[in-house]
Amino acid sequence: MRMKELEKLKNYVAQQVEQLKNELFEISDWLYDHPELGSEEYKSLKYLASYLHKKGFKIFEGTAKIPTAFVASVGKGFPKIAFLAEYDALPGIGHGCGHNMIAAAAVGAAIAVCEVLEQVGGTVMVIGTPDEEGRGRYAGSKALLVKARIFRGIDAVLMMHGSTRYSVGGPALAVKDLLITFKGRSSHAAASPEKGVNALDAAILTYVAVNTLRQHVRRDANVVIHGIIAEGGTASNVIPDKAIVKYGARSSDTKYVDELVEKIKNCARGAAVATGAKVSFESKMPMYQGIKHNITLEDLVAKNLRKLGVKVQDPAETRKQMPRASTDFGNVTQVVPAVSLSTKICPTATPGHSTAFRDATKTDQGRKGLLTATKVMAMTAVDLMADKTILRRMKKENKSSKIFWFAPSTSSPS
């Protein structure tokens, strides 16, 4: 397809998004008003699936045996472009991470691209991915969908996320959870403490040992270890017979995360020996992997942002920044070319996972960011579907590239 014709199609899908804006705002607002926790997004699923069905999409619910996941598709053959929708909320806050907006953008971009399917050919998909926040039974559903090979045969994956600025190519930390349970023996804390085994003491020793461990982890791997004592007894005059410690281990080097988890386990094992408690370990969610960057795709998204008049940092510079969060989207990037666009919806100082971030999705700035991201995703999809040269280069790069992880510069010790 000639460049002039391609640009006309991209302008057309951007116009389609503009015409859909009231419907997209309505979707975002409905999800805002009906927040559901991870793995429990039944109303959100039905709402989104019903809307897409009315727009001509075939709907498959319960994807990979995840009750609140879905795949919606229209068209046939290749290339296959998928937009990811998140729609889980946070406890006590609601959509403090803006997932209501992520779902609306995925739906809007997919519908806009459908308007030019006859010209470019291929398949457009919306994949509903529950529980990104890692709360329920199907925590990190993108990782579960990857394991179930749902992304097999898909050529590219696009999504957006609200932010305090526009950016493309942001890195992410790999993260793995660890739940440590200590079992002791209860006894009267004053009359017969010698007959008890204090599970809380084991938990406290573990917490102290892990804090000591922080000095002895790799500095170049951007390690973050965070944890809480979630349970430690019910009465001060009873020796606690059960205690629970919850940890998260993060690093920009995915392979190093397993080593960190083992180090934390060793701290707990030592505490168990010291107190006489029994210890067991459990992980509630799959590991969220780091981002495998596709430079071709990230540069294409940045280029389309600039076409809309958005000033955005070169993705090459963004990739060098220190990662500060984790997402199961990283797992998707390991198996298919994928990019997540960060779009400005609120002032710079606005914290994530807050009521201020939640409420930003209903502001003029938030709505502008939603429309911009939706247009860019639709335009990028048209680029990929119409220009097979870009598509081939992107796919070739993903097969040969390795995961990028942040390593700060080091100097010789004095």
# chains A, B, ... in the order shown; residues from 1 in each chain; ligands from 1
call {"tool": "residues_around", "arguments": {"residues": "Val279 of chain A", "least_positions_apart": "5", "cutoff": "8 Å", "atoms": "only C-alpha atoms", "output": "list in words"}}
result
Ile180, Thr181, Phe182, Lys183, Ala268, Arg269 and Ala272 of chain A
call {"tool": "residues_around", "arguments": {"residues": "segment 141-152 of chain A", "least_positions_apart": "4", "cutoff": "6 Å", "atoms": "only C-alpha atoms", "output": "list in words"}}
result
Thr129, Pro130, Asp328 and Asn331 of chain A
call {"tool": "closest_residue", "arguments": {"among": "A:Ile244, A:Leu52, A:Ala89, A:Ala386", "to": "Ser354 of chain A", "atoms": "only C-alpha atoms"}}
result
A:Ala89
call {"tool": "select_by_dssp", "arguments": {"residues": "segment 301-369 of chain A", "states": "alpha helix (DSSP H)", "output": "list in words"}}
result
Val301, Ala302, Lys303, Asn304, Leu305, Arg306, Lys307, Pro315, Ala316, Glu317, Thr318, Phe329, Gly330, Asn331, Val332, Thr333, Thr355, Ala356, Phe357, Arg358, Asp359, Ala360, Asp364, Gln365, Gly366, Arg367, Lys368 and Gly369 of chain A
call {"tool": "closest_residue", "arguments": {"among": "A:Ile66, A:Ala105, A:Ala139, A:Val116", "to": "Asp383 of chain A", "atoms": "only C-alpha atoms"}}
result
A:Val116
call {"tool": "select_by_dssp", "arguments": {"residues": "segment 71-221 of chain A", "states": "strand (DSSP E or B)", "output": "ChimeraX atom specification"}}
result
/A:71-76,80-85,89-90,94,122-128,156-163,167-168,174-183,185,188,197
call {"tool": "closest_residue", "arguments": {"among": "A:Val71, A:Ala103, A:Val197, A:Met125", "to": "Ala85 of chain A", "atoms": "only C-alpha atoms"}}
result
A:Ala103
call {"tool": "residues_around", "arguments": {"residues": "Ala104 of chain A", "least_positions_apart": "6", "cutoff": "10 Å", "atoms": "only C-alpha atoms", "output": "count of residues only"}}
result
17
call {"tool": "residues_around", "arguments": {"residues": "segment 286-300 of chain A", "least_positions_apart": "4", "cutoff": "8 Å", "atoms": "only C-alpha atoms", "output": "MDAnalysis selection string"}}
result
chainID A and resid 139:140 143:144 168:169 171:177 252:254 304 314:315 326:331 333:334 337:339 380 390 393:394 397:398 401:405
call {"tool": "residues_around", "arguments": {"residues": "Val124 of chain A", "least_positions_apart": "6", "cutoff": "8 Å", "atoms": "only C-alpha atoms", "output": "list in words"}}
result
Ser73, Val74, Gly75, Lys80, Ile81, Ala82, Ala110, Val113 and Cys114 of chain A
call {"tool": "closest_residue", "arguments": {"among": "A:Ala249, A:Val273, A:Val157, A:Val238", "to": "Ala189 of chain A", "atoms": "only C-alpha atoms"}}
result
A:Val238
call {"tool": "atom_distance", "arguments": {"atom1": "atom CA of His161 of chain A", "atom2": "atom CA of Ile102 of chain A"}}
result
6.0 Å
call {"tool": "residues_around", "arguments": {"residues": "segment 202-219 of chain A", "least_positions_apart": "4", "cutoff": "10 Å", "atoms": "only C-alpha atoms", "output": "ChimeraX atom specification"}}
result
/A:180-184,197-198,223-232,242-247,251,256,259-260,263-279,407-408,410
call {"tool": "write_last_selection", "arguments": {"atoms": "C-alpha atoms", "output": "short mmCIF file (atom, residue, chain, number, x, y, z; two decimals), in the first residue's frame"}}
result
data_model
loop_
_atom_site.label_atom_id
_atom_site.label_comp_id
_atom_site.auth_asym_id
_atom_site.auth_seq_id
_atom_site.Cartn_x
_atom_site.Cartn_y
_atom_site.Cartn_z
CA ILE A 180 5.27 -17.83 54.56
CA THR A 181 3.24 -19.65 57.21
CA PHE A 182 4.68 -20.55 60.61
CA LYS A 183 2.97 -23.13 62.80
CA GLY A 184 3.83 -23.19 66.52
CA VAL A 197 6.22 -22.50 70.38
CA ASN A 198 5.91 -18.88 69.32
CA VAL A 223 16.17 -5.20 43.85
CA VAL A 224 13.04 -4.32 45.80
CA ILE A 225 11.87 -6.56 48.66
CA HIS A 226 8.67 -5.60 50.47
CA GLY A 227 6.65 -7.50 53.02
CA ILE A 228 4.21 -7.48 55.92
CA ILE A 229 3.39 -9.66 58.91
CA ALA A 230 -0.19 -10.41 57.96
CA GLU A 231 -1.10 -12.53 60.97
CA GLY A 232 0.55 -12.92 64.36
CA LYS A 242 0.26 -19.32 63.79
CA ALA A 243 1.87 -16.41 61.96
CA ILE A 244 1.87 -15.40 58.32
CA VAL A 245 4.39 -13.23 56.50
CA LYS A 246 3.78 -11.99 52.95
CA TYR A 247 6.61 -10.85 50.69
CA SER A 251 14.19 -7.15 40.22
CA TYR A 256 17.48 -13.14 39.76
CA GLU A 259 17.31 -16.47 43.73
CA LEU A 260 15.88 -13.68 45.88
CA LYS A 263 17.18 -16.25 50.02
CA ILE A 264 13.97 -15.12 51.74
CA LYS A 265 12.99 -18.75 52.28
CA ASN A 266 16.35 -19.41 53.91
CA CYS A 267 15.72 -16.54 56.33
CA ALA A 268 12.41 -18.17 57.26
CA ARG A 269 13.97 -21.61 57.58
CA GLY A 270 16.56 -20.23 59.98
CA ALA A 271 13.85 -18.55 62.03
CA ALA A 272 11.93 -21.82 62.19
CA VAL A 273 14.99 -23.66 63.49
CA ALA A 274 15.63 -20.93 66.07
CA THR A 275 12.09 -21.00 67.48
CA GLY A 276 11.06 -24.60 66.88
CA ALA A 277 8.19 -23.60 64.60
CA LYS A 278 7.28 -25.38 61.40
CA VAL A 279 7.38 -23.36 58.21
CA ALA A 407 21.55 -1.84 35.27
CA PRO A 408 22.85 1.39 36.76
CA THR A 410 28.99 1.48 38.43
#
